[in-house]
>>> print(open('target01.txt').read())   # compact mmCIF, C-alpha atoms
# COMPACT_ATOMS: atom_id res chain seq x y z
CA MET E 833 0.00 0.00 0.00
CA ASN E 834 1.48 3.34 -0.98
CA SER E 835 1.25 6.50 1.15
CA THR E 836 -1.78 7.88 -0.74
CA ASP E 837 -3.78 4.65 -0.33
CA PHE E 838 -2.74 4.54 3.31
CA GLU E 839 -3.99 8.08 3.95
CA ARG E 840 -7.32 7.34 2.26
CA ALA E 841 -7.80 4.14 4.24
CA ALA E 842 -6.90 5.88 7.48
CA ALA E 843 -9.25 8.78 6.77
CA SER E 844 -12.13 6.38 6.05
CA ALA E 845 -11.48 4.25 9.11
CA THR E 846 -11.23 7.24 11.44
CA HIS E 847 -14.03 9.40 9.99
CA ASP E 848 -16.15 9.24 13.16
CA VAL E 849 -13.28 9.06 15.64
CA PRO E 850 -12.45 12.37 17.43
CA PHE E 851 -8.71 12.64 16.87
CA ASP E 852 -6.36 14.33 14.46
CA ALA E 853 -5.58 11.68 11.82
CA ALA E 854 -3.07 13.88 10.00
CA ALA E 855 -1.01 14.40 13.15
CA THR E 856 -1.13 10.68 13.91
CA LEU E 857 0.04 9.79 10.41
CA THR E 858 2.90 12.25 10.79
CA ALA E 859 4.00 10.50 13.98
CA VAL E 860 3.78 7.06 12.33
CA ARG E 861 5.91 8.19 9.41
CA ALA E 862 8.46 9.71 11.78
CA SER E 863 8.68 6.42 13.68
CA HIS E 864 9.15 4.54 10.41
CA ARG E 865 12.02 6.80 9.37
CA ARG E 866 14.20 5.68 12.29
CA HIS E 867 14.34 2.22 10.71
CA THR E 868 15.18 3.44 7.20
CA ARG E 869 16.80 6.81 6.60
CA VAL E 870 16.46 10.07 8.46
CA ARG E 871 14.88 12.55 6.05
CA ARG E 872 14.21 16.25 6.08
CA ILE E 873 10.63 17.20 6.88
CA ALA E 874 8.48 19.30 4.56
CA VAL E 875 9.31 22.69 6.04
CA GLY E 876 12.68 22.58 4.27
CA LEU E 877 15.91 24.52 4.47
CA PRO E 878 14.51 28.10 4.37
CA VAL E 879 12.73 27.41 7.66
CA ALA E 880 15.98 26.12 9.10
CA ALA E 881 17.50 29.51 8.41
CA VAL E 882 14.62 31.21 10.22
CA LEU E 883 15.01 28.87 13.17
CA ALA E 884 18.73 29.43 13.33
CA VAL E 885 18.32 33.19 13.52
CA GLY E 886 14.95 33.61 15.23
CA ALA E 887 14.75 30.60 17.56
CA VAL E 888 11.24 29.70 16.37
CA THR E 889 9.68 26.80 18.27
CA ILE E 890 8.35 23.78 16.33
CA PRO E 891 5.66 21.52 17.88
CA SER E 892 6.96 18.52 19.81
CA ILE E 893 5.54 16.02 17.28
CA VAL E 894 8.25 17.28 14.88
CA ALA E 895 11.18 17.74 17.24
CA PRO E 896 12.72 14.72 19.02
CA SER E 897 12.77 14.36 22.77
CA MET E 898 15.98 15.73 24.27
CA THR E 899 15.35 14.47 27.80
CA THR E 900 17.77 11.55 27.77
CA SER E 901 20.98 11.92 29.75
CA THR E 902 22.79 8.71 28.79
CA ALA E 903 26.06 9.76 27.19
CA THR E 904 28.06 7.89 24.54
CA ALA E 905 31.86 7.99 24.43
CA ALA E 906 33.26 10.96 22.52
CA TYR E 907 34.31 10.72 18.87
CA ARG E 908 37.57 11.97 17.42
CA PHE E 909 37.47 14.06 14.25
CA ASP E 910 40.01 14.90 11.53
CA GLU E 911 42.61 12.49 12.87
CA ALA E 912 43.31 10.23 9.89
CA PRO E 913 46.91 8.97 9.69
CA ALA E 914 49.16 10.99 7.41
CA GLY E 915 48.95 10.02 3.74
CA VAL E 916 45.45 8.51 3.81
CA PRO E 917 43.78 9.67 0.56
CA VAL E 918 40.33 11.25 0.28
CA VAL E 919 37.82 8.69 -1.03
CA ALA E 920 34.79 11.00 -1.35
CA THR E 921 33.83 14.65 -0.87
CA LEU E 922 30.53 16.35 -0.08
CA ASP E 923 30.14 20.15 -0.02
CA GLY E 924 33.42 20.81 1.78
CA LEU E 925 33.47 17.57 3.76
CA SER E 926 36.24 15.06 2.97
CA LEU E 927 35.84 11.35 3.73
CA ARG E 928 38.96 9.21 3.98
CA TYR E 929 37.33 5.98 5.09
CA LEU E 930 34.35 3.84 4.12
CA PRO E 931 33.86 0.28 5.38
CA ALA E 932 35.15 -2.60 3.24
CA GLY E 933 32.98 -3.25 0.20
CA PHE E 934 31.45 0.23 0.08
CA ASN E 935 31.49 2.10 -3.22
CA PRO E 936 32.99 5.62 -2.83
CA THR E 937 30.80 6.83 -5.72
CA PRO E 938 27.45 7.87 -4.23
CA ALA E 939 24.66 5.46 -5.16
CA LEU E 940 22.11 8.17 -4.47
CA THR E 941 22.25 11.92 -4.19
CA ASP E 942 19.08 13.02 -2.40
CA SER E 943 19.82 16.69 -2.82
CA ASP E 944 22.67 19.00 -3.68
CA THR E 945 20.97 22.36 -3.54
CA SER E 946 22.12 25.91 -2.89
CA TYR E 947 19.77 28.48 -1.41
CA GLU E 948 20.20 32.18 -0.80
CA SER E 949 20.30 31.31 2.90
CA GLY E 950 22.61 28.31 2.64
CA SER E 951 23.01 24.83 1.16
CA TYR E 952 21.97 21.22 1.77
CA SER E 953 23.69 18.13 0.32
CA SER E 954 23.06 14.44 0.97
CA HIS E 955 24.88 11.38 -0.39
CA SER E 956 24.26 7.67 0.11
CA PHE E 957 27.12 5.17 -0.30
CA ALA E 958 26.13 1.55 -1.02
CA GLY E 959 27.77 -1.45 0.59
CA PRO E 960 27.30 -5.22 0.71
CA ASP E 961 24.02 -6.87 1.74
CA GLY E 962 22.04 -3.67 1.22
CA GLN E 963 24.00 -1.71 3.80
CA GLU E 964 24.39 2.05 3.40
CA VAL E 965 26.40 4.97 4.70
CA ASN E 966 24.37 8.18 4.46
CA VAL E 967 25.97 11.61 4.88
CA THR E 968 24.19 14.97 4.93
CA VAL E 969 25.81 18.41 5.11
CA THR E 970 23.71 21.50 5.88
CA LYS E 971 25.32 24.95 5.81
CA ILE E 972 23.39 28.02 6.98
CA PRO E 973 24.80 31.08 8.75
CA GLY E 974 23.87 30.83 12.42
CA LEU E 975 22.80 27.16 12.20
CA THR E 976 23.30 25.14 15.40
CA ILE E 977 22.60 21.53 16.30
CA ASP E 978 19.59 22.62 18.34
CA SER E 979 18.01 24.61 15.49
CA TYR E 980 18.83 21.78 13.06
CA LEU E 981 17.08 19.23 15.28
CA ASP E 982 14.05 21.51 15.53
CA ILE E 983 13.18 20.62 11.92
CA ASN E 984 14.98 17.31 11.32
CA TRP E 985 13.89 14.07 12.96
CA PHE E 986 16.67 12.33 14.89
CA ASP E 987 15.05 9.81 17.19
CA ASP E 988 16.26 9.03 20.72
CA PRO E 989 19.31 11.35 20.74
CA ARG E 990 22.08 10.58 23.23
CA PRO E 991 24.66 13.27 24.05
CA THR E 992 28.28 12.84 23.02
CA LYS E 993 31.14 14.93 21.62
CA VAL E 994 32.79 15.04 18.20
CA GLY E 995 36.17 16.73 18.15
CA GLY E 996 35.31 18.29 21.51
CA ARG E 997 32.05 19.84 20.24
CA GLU E 998 28.46 18.99 21.18
CA ALA E 999 26.93 16.09 19.27
CA PHE E 1000 24.19 13.43 19.50
CA VAL E 1001 24.04 9.75 18.57
CA ASN E 1002 21.10 7.34 18.22
CA GLU E 1003 20.34 3.65 17.68
CA VAL E 1004 22.96 3.03 20.37
CA SER E 1005 24.26 -0.52 20.72
CA ALA E 1006 27.01 -2.16 22.75
CA ASP E 1007 29.78 -1.08 20.38
CA GLY E 1008 28.69 2.46 19.59
CA ALA E 1009 25.87 3.96 17.53
CA SER E 1010 24.47 3.94 14.02
CA GLY E 1011 23.49 7.62 13.72
CA LEU E 1012 25.38 10.80 14.54
CA VAL E 1013 24.69 14.51 14.19
CA PHE E 1014 27.40 17.06 14.93
CA SER E 1015 28.73 20.48 14.01
CA PRO E 1016 32.41 20.70 12.98
CA GLN E 1017 32.18 24.50 12.96
CA ASP E 1018 29.58 27.22 13.47
CA GLY E 1019 26.89 27.27 10.77
CA VAL E 1020 27.55 23.68 9.62
CA VAL E 1021 25.76 20.51 10.73
CA ILE E 1022 26.68 17.03 9.52
CA GLU E 1023 24.34 14.07 9.90
CA LEU E 1024 25.77 10.59 9.38
CA HIS E 1025 24.10 7.17 9.42
CA ALA E 1026 26.21 4.04 9.04
CA ASP E 1027 24.04 1.00 8.45
CA THR E 1028 27.01 -1.32 8.86
CA LYS E 1029 25.84 -3.16 12.01
CA ARG E 1030 29.10 -2.13 13.68
CA GLY E 1031 29.47 1.04 15.75
CA ASP E 1032 33.27 1.00 15.45
CA GLU E 1033 32.91 1.57 11.71
CA LEU E 1034 30.96 4.75 12.42
CA ARG E 1035 33.74 5.92 14.70
CA THR E 1036 36.39 5.32 12.07
CA ILE E 1037 34.37 7.15 9.39
CA VAL E 1038 34.09 10.20 11.67
CA GLU E 1039 37.71 10.04 12.81
CA TYR E 1040 38.87 10.04 9.18
CA MET E 1041 36.59 12.92 8.14
CA SER E 1042 37.88 16.48 7.77
CA TRP E 1043 36.27 19.81 7.11
>>> encode(input="target01.txt", output="structure tokens")
Amino acid sequence: MNSTDFERAAASATHDVPFDAAATLTAVRASHRRHTRVRRIAVGLPVAAVLAVGAVTIPSIVAPSMTTSTATAAYRFDEAPAGVPVVATLDGLSLRYLPAGFNPTPALTDSDTSYESGSYSSHSFAGPDGQEVNVTVTKIPGLTIDSYLDINWFDDPRPTKVGGREAFVNEVSADGASGLVFSPQDGVVIELHADTKRGDELRTIVEYMSW
């Protein structure tokens, strides 16, 4: 069933039920995204610029809960051994490591768009057994992690550090995490998801990145 059929079926089934079906569907889709890829919501990048500058509040159904206090060990950044070549670049971000079997040529480019207020780029690198490494770079003057997370779903964030700066991870397992959002410098936020089933691979990817 595609999304249109789903909406129609939900609307019919809930016609006489006193609740907001649209809001409920939004929450269901957000929950589904944590098991696939984290995607930008419909408000888009121009709203991110407004949030970054004006601190506009978005309803809680959009923004993730930030109440957790469980921390994950800090990540190093820009510490690749000397001589390691760049394998891929994305809007100013250099990657020097991808897990074995991953193609450094992006299998999918969701967006590579420049706006008057900034830019948003997202690449997906394909690996064996359907695994992916997804990297997103958002650049807007004044953008912070907090304003970024106001309009981008990042479920169950756990605090950590990347290169000594504030960051959040999710899908935490015994050996690390599968998702990471961090800011290497003011006005830039990087979101990374490594569907490799191994948290240490995510750590190596980040350690070998440079801005």
>>> atom_distance(input="target01.txt", atom1="atom CA of Gly996 of chain E", atom2="atom CA of Tyr907 of chain E")
8.1 Å
>>> atom_distance(input="target01.txt", atom1="atom CA of Tyr980 of chain E", atom2="atom CA of Val967 of chain E")
14.9 Å
>>> closest_residue(input="target01.txt", among="E:Pro973, E:Gly915, E:Pro938, E:Pro1016", to="Val994 of chain E", atoms="all atoms listed in the file")
E:Pro1016
>>> atom_distance(input="target01.txt", atom1="atom CA of Ser926 of chain E", atom2="atom CA of Asp978 of chain E")
23.9 Å
>>> residues_around(input="target01.txt", residues="Ala999 of chain E", least_positions_apart="5", cutoff="10 Å", atoms="only C-alpha atoms", output="mmCIF file with C-alpha atoms, in the frame of the given file")
data_model
loop_
_atom_site.group_PDB
_atom_site.id
_atom_site.type_symbol
_atom_site.label_atom_id
_atom_site.label_comp_id
_atom_site.auth_asym_id
_atom_site.auth_seq_id
_atom_site.Cartn_x
_atom_site.Cartn_y
_atom_site.Cartn_z
ATOM 1 C CA THR E 904 28.060 7.890 24.540
ATOM 2 C CA ALA E 906 33.260 10.960 22.520
ATOM 3 C CA TYR E 907 34.310 10.720 18.870
ATOM 4 C CA ILE E 977 22.600 21.530 16.300
ATOM 5 C CA ASP E 978 19.590 22.620 18.340
ATOM 6 C CA PRO E 989 19.310 11.350 20.740
ATOM 7 C CA ARG E 990 22.080 10.580 23.230
ATOM 8 C CA PRO E 991 24.660 13.270 24.050
ATOM 9 C CA THR E 992 28.280 12.840 23.020
ATOM 10 C CA LYS E 993 31.140 14.930 21.620
ATOM 11 C CA VAL E 994 32.790 15.040 18.200
ATOM 12 C CA LEU E 1012 25.380 10.800 14.540
ATOM 13 C CA VAL E 1013 24.690 14.510 14.190
ATOM 14 C CA PHE E 1014 27.400 17.060 14.930
ATOM 15 C CA SER E 1015 28.730 20.480 14.010
ATOM 16 C CA PRO E 1016 32.410 20.700 12.980
ATOM 17 C CA VAL E 1021 25.760 20.510 10.730
ATOM 18 C CA ILE E 1022 26.680 17.030 9.520
ATOM 19 C CA GLU E 1023 24.340 14.070 9.900
#
>>> closest_residue(input="target01.txt", among="E:Leu975, E:Leu922, E:Val1020, E:Leu930", to="Phe957 of chain E", atoms="all atoms listed in the file")
E:Leu930
>>> build_atoms(input="target01.txt", residues="segment 911-922 of chain E", atoms="all heavy atoms", output="PDB file, in the coordinates of the input")
ATOM      1  N   GLU E 911      41.389  13.078  12.329  1.00  0.00           N
ATOM      2  CA  GLU E 911      42.610  12.490  12.870  1.00  0.00           C
ATOM      3  C   GLU E 911      43.056  11.271  12.057  1.00  0.00           C
ATOM      4  O   GLU E 911      43.585  10.303  12.595  1.00  0.00           O
ATOM      5  CB  GLU E 911      42.426  12.112  14.338  1.00  0.00           C
ATOM      6  CG  GLU E 911      42.215  13.317  15.241  1.00  0.00           C
ATOM      7  CD  GLU E 911      42.278  12.963  16.719  1.00  0.00           C
ATOM      8  OE1 GLU E 911      42.715  11.827  17.027  1.00  0.00           O
ATOM      9  OE2 GLU E 911      41.905  13.802  17.538  1.00  0.00           O
ATOM     10  N   ALA E 912      42.845  11.321  10.750  1.00  0.00           N
ATOM     11  CA  ALA E 912      43.310  10.230   9.890  1.00  0.00           C
ATOM     12  C   ALA E 912      44.836  10.214   9.865  1.00  0.00           C
ATOM     13  O   ALA E 912      45.474  11.270   9.907  1.00  0.00           O
ATOM     14  CB  ALA E 912      42.774  10.405   8.475  1.00  0.00           C
ATOM     15  N   PRO E 913      45.445   9.035   9.807  1.00  0.00           N
ATOM     16  CA  PRO E 913      46.910   8.970   9.690  1.00  0.00           C
ATOM     17  C   PRO E 913      47.392   9.707   8.455  1.00  0.00           C
ATOM     18  O   PRO E 913      46.680   9.809   7.445  1.00  0.00           O
ATOM     19  CB  PRO E 913      47.173   7.458   9.580  1.00  0.00           C
ATOM     20  CG  PRO E 913      45.981   6.812  10.209  1.00  0.00           C
ATOM     21  CD  PRO E 913      44.819   7.707   9.889  1.00  0.00           C
ATOM     22  N   ALA E 914      48.584  10.237   8.529  1.00  0.00           N
ATOM     23  CA  ALA E 914      49.160  10.990   7.410  1.00  0.00           C
ATOM     24  C   ALA E 914      49.206  10.119   6.152  1.00  0.00           C
ATOM     25  O   ALA E 914      49.531   8.934   6.210  1.00  0.00           O
ATOM     26  CB  ALA E 914      50.563  11.467   7.767  1.00  0.00           C
ATOM     27  N   GLY E 915      48.852  10.710   5.021  1.00  0.00           N
ATOM     28  CA  GLY E 915      48.950  10.020   3.740  1.00  0.00           C
ATOM     29  C   GLY E 915      47.704   9.267   3.327  1.00  0.00           C
ATOM     30  O   GLY E 915      47.658   8.729   2.212  1.00  0.00           O
ATOM     31  N   VAL E 916      46.683   9.207   4.193  1.00  0.00           N
ATOM     32  CA  VAL E 916      45.450   8.510   3.810  1.00  0.00           C
ATOM     33  C   VAL E 916      44.700   9.374   2.798  1.00  0.00           C
ATOM     34  O   VAL E 916      44.368  10.520   3.083  1.00  0.00           O
ATOM     35  CB  VAL E 916      44.556   8.235   5.029  1.00  0.00           C
ATOM     36  CG1 VAL E 916      43.242   7.598   4.596  1.00  0.00           C
ATOM     37  CG2 VAL E 916      45.287   7.344   6.020  1.00  0.00           C
ATOM     38  N   PRO E 917      44.400   8.853   1.606  1.00  0.00           N
ATOM     39  CA  PRO E 917      43.780   9.670   0.560  1.00  0.00           C
ATOM     40  C   PRO E 917      42.291   9.908   0.819  1.00  0.00           C
ATOM     41  O   PRO E 917      41.630   9.147   1.524  1.00  0.00           O
ATOM     42  CB  PRO E 917      43.972   8.834  -0.708  1.00  0.00           C
ATOM     43  CG  PRO E 917      44.005   7.419  -0.209  1.00  0.00           C
ATOM     44  CD  PRO E 917      44.695   7.481   1.129  1.00  0.00           C
ATOM     45  N   VAL E 918      41.764  10.964   0.227  1.00  0.00           N
ATOM     46  CA  VAL E 918      40.330  11.250   0.280  1.00  0.00           C
ATOM     47  C   VAL E 918      39.612  10.292  -0.666  1.00  0.00           C
ATOM     48  O   VAL E 918      40.005  10.128  -1.824  1.00  0.00           O
ATOM     49  CB  VAL E 918      40.052  12.710  -0.139  1.00  0.00           C
ATOM     50  CG1 VAL E 918      38.552  12.961  -0.254  1.00  0.00           C
ATOM     51  CG2 VAL E 918      40.689  13.681   0.852  1.00  0.00           C
ATOM     52  N   VAL E 919      38.556   9.635  -0.189  1.00  0.00           N
ATOM     53  CA  VAL E 919      37.820   8.690  -1.030  1.00  0.00           C
ATOM     54  C   VAL E 919      36.516   9.301  -1.557  1.00  0.00           C
ATOM     55  O   VAL E 919      35.960   8.824  -2.545  1.00  0.00           O
ATOM     56  CB  VAL E 919      37.510   7.385  -0.276  1.00  0.00           C
ATOM     57  CG1 VAL E 919      38.797   6.675   0.101  1.00  0.00           C
ATOM     58  CG2 VAL E 919      36.658   7.634   0.967  1.00  0.00           C
ATOM     59  N   ALA E 920      36.025  10.349  -0.896  1.00  0.00           N
ATOM     60  CA  ALA E 920      34.790  11.000  -1.350  1.00  0.00           C
ATOM     61  C   ALA E 920      34.710  12.383  -0.716  1.00  0.00           C
ATOM     62  O   ALA E 920      35.272  12.620   0.362  1.00  0.00           O
ATOM     63  CB  ALA E 920      33.563  10.184  -0.971  1.00  0.00           C
ATOM     64  N   THR E 921      34.031  13.310  -1.403  1.00  0.00           N
ATOM     65  CA  THR E 921      33.830  14.650  -0.870  1.00  0.00           C
ATOM     66  C   THR E 921      32.358  15.032  -0.986  1.00  0.00           C
ATOM     67  O   THR E 921      31.647  14.558  -1.870  1.00  0.00           O
ATOM     68  CB  THR E 921      34.683  15.690  -1.613  1.00  0.00           C
ATOM     69  OG1 THR E 921      34.331  15.684  -3.003  1.00  0.00           O
ATOM     70  CG2 THR E 921      36.165  15.388  -1.462  1.00  0.00           C
ATOM     71  N   LEU E 922      31.925  15.903  -0.092  1.00  0.00           N
ATOM     72  CA  LEU E 922      30.530  16.350  -0.080  1.00  0.00           C
ATOM     73  C   LEU E 922      30.475  17.767   0.482  1.00  0.00           C
ATOM     74  O   LEU E 922      30.576  17.968   1.687  1.00  0.00           O
ATOM     75  CB  LEU E 922      29.676  15.401   0.762  1.00  0.00           C
ATOM     76  CG  LEU E 922      28.203  15.768   0.950  1.00  0.00           C
ATOM     77  CD1 LEU E 922      27.486  15.845  -0.385  1.00  0.00           C
ATOM     78  CD2 LEU E 922      27.518  14.762   1.866  1.00  0.00           C
TER      79      LEU E 922
END
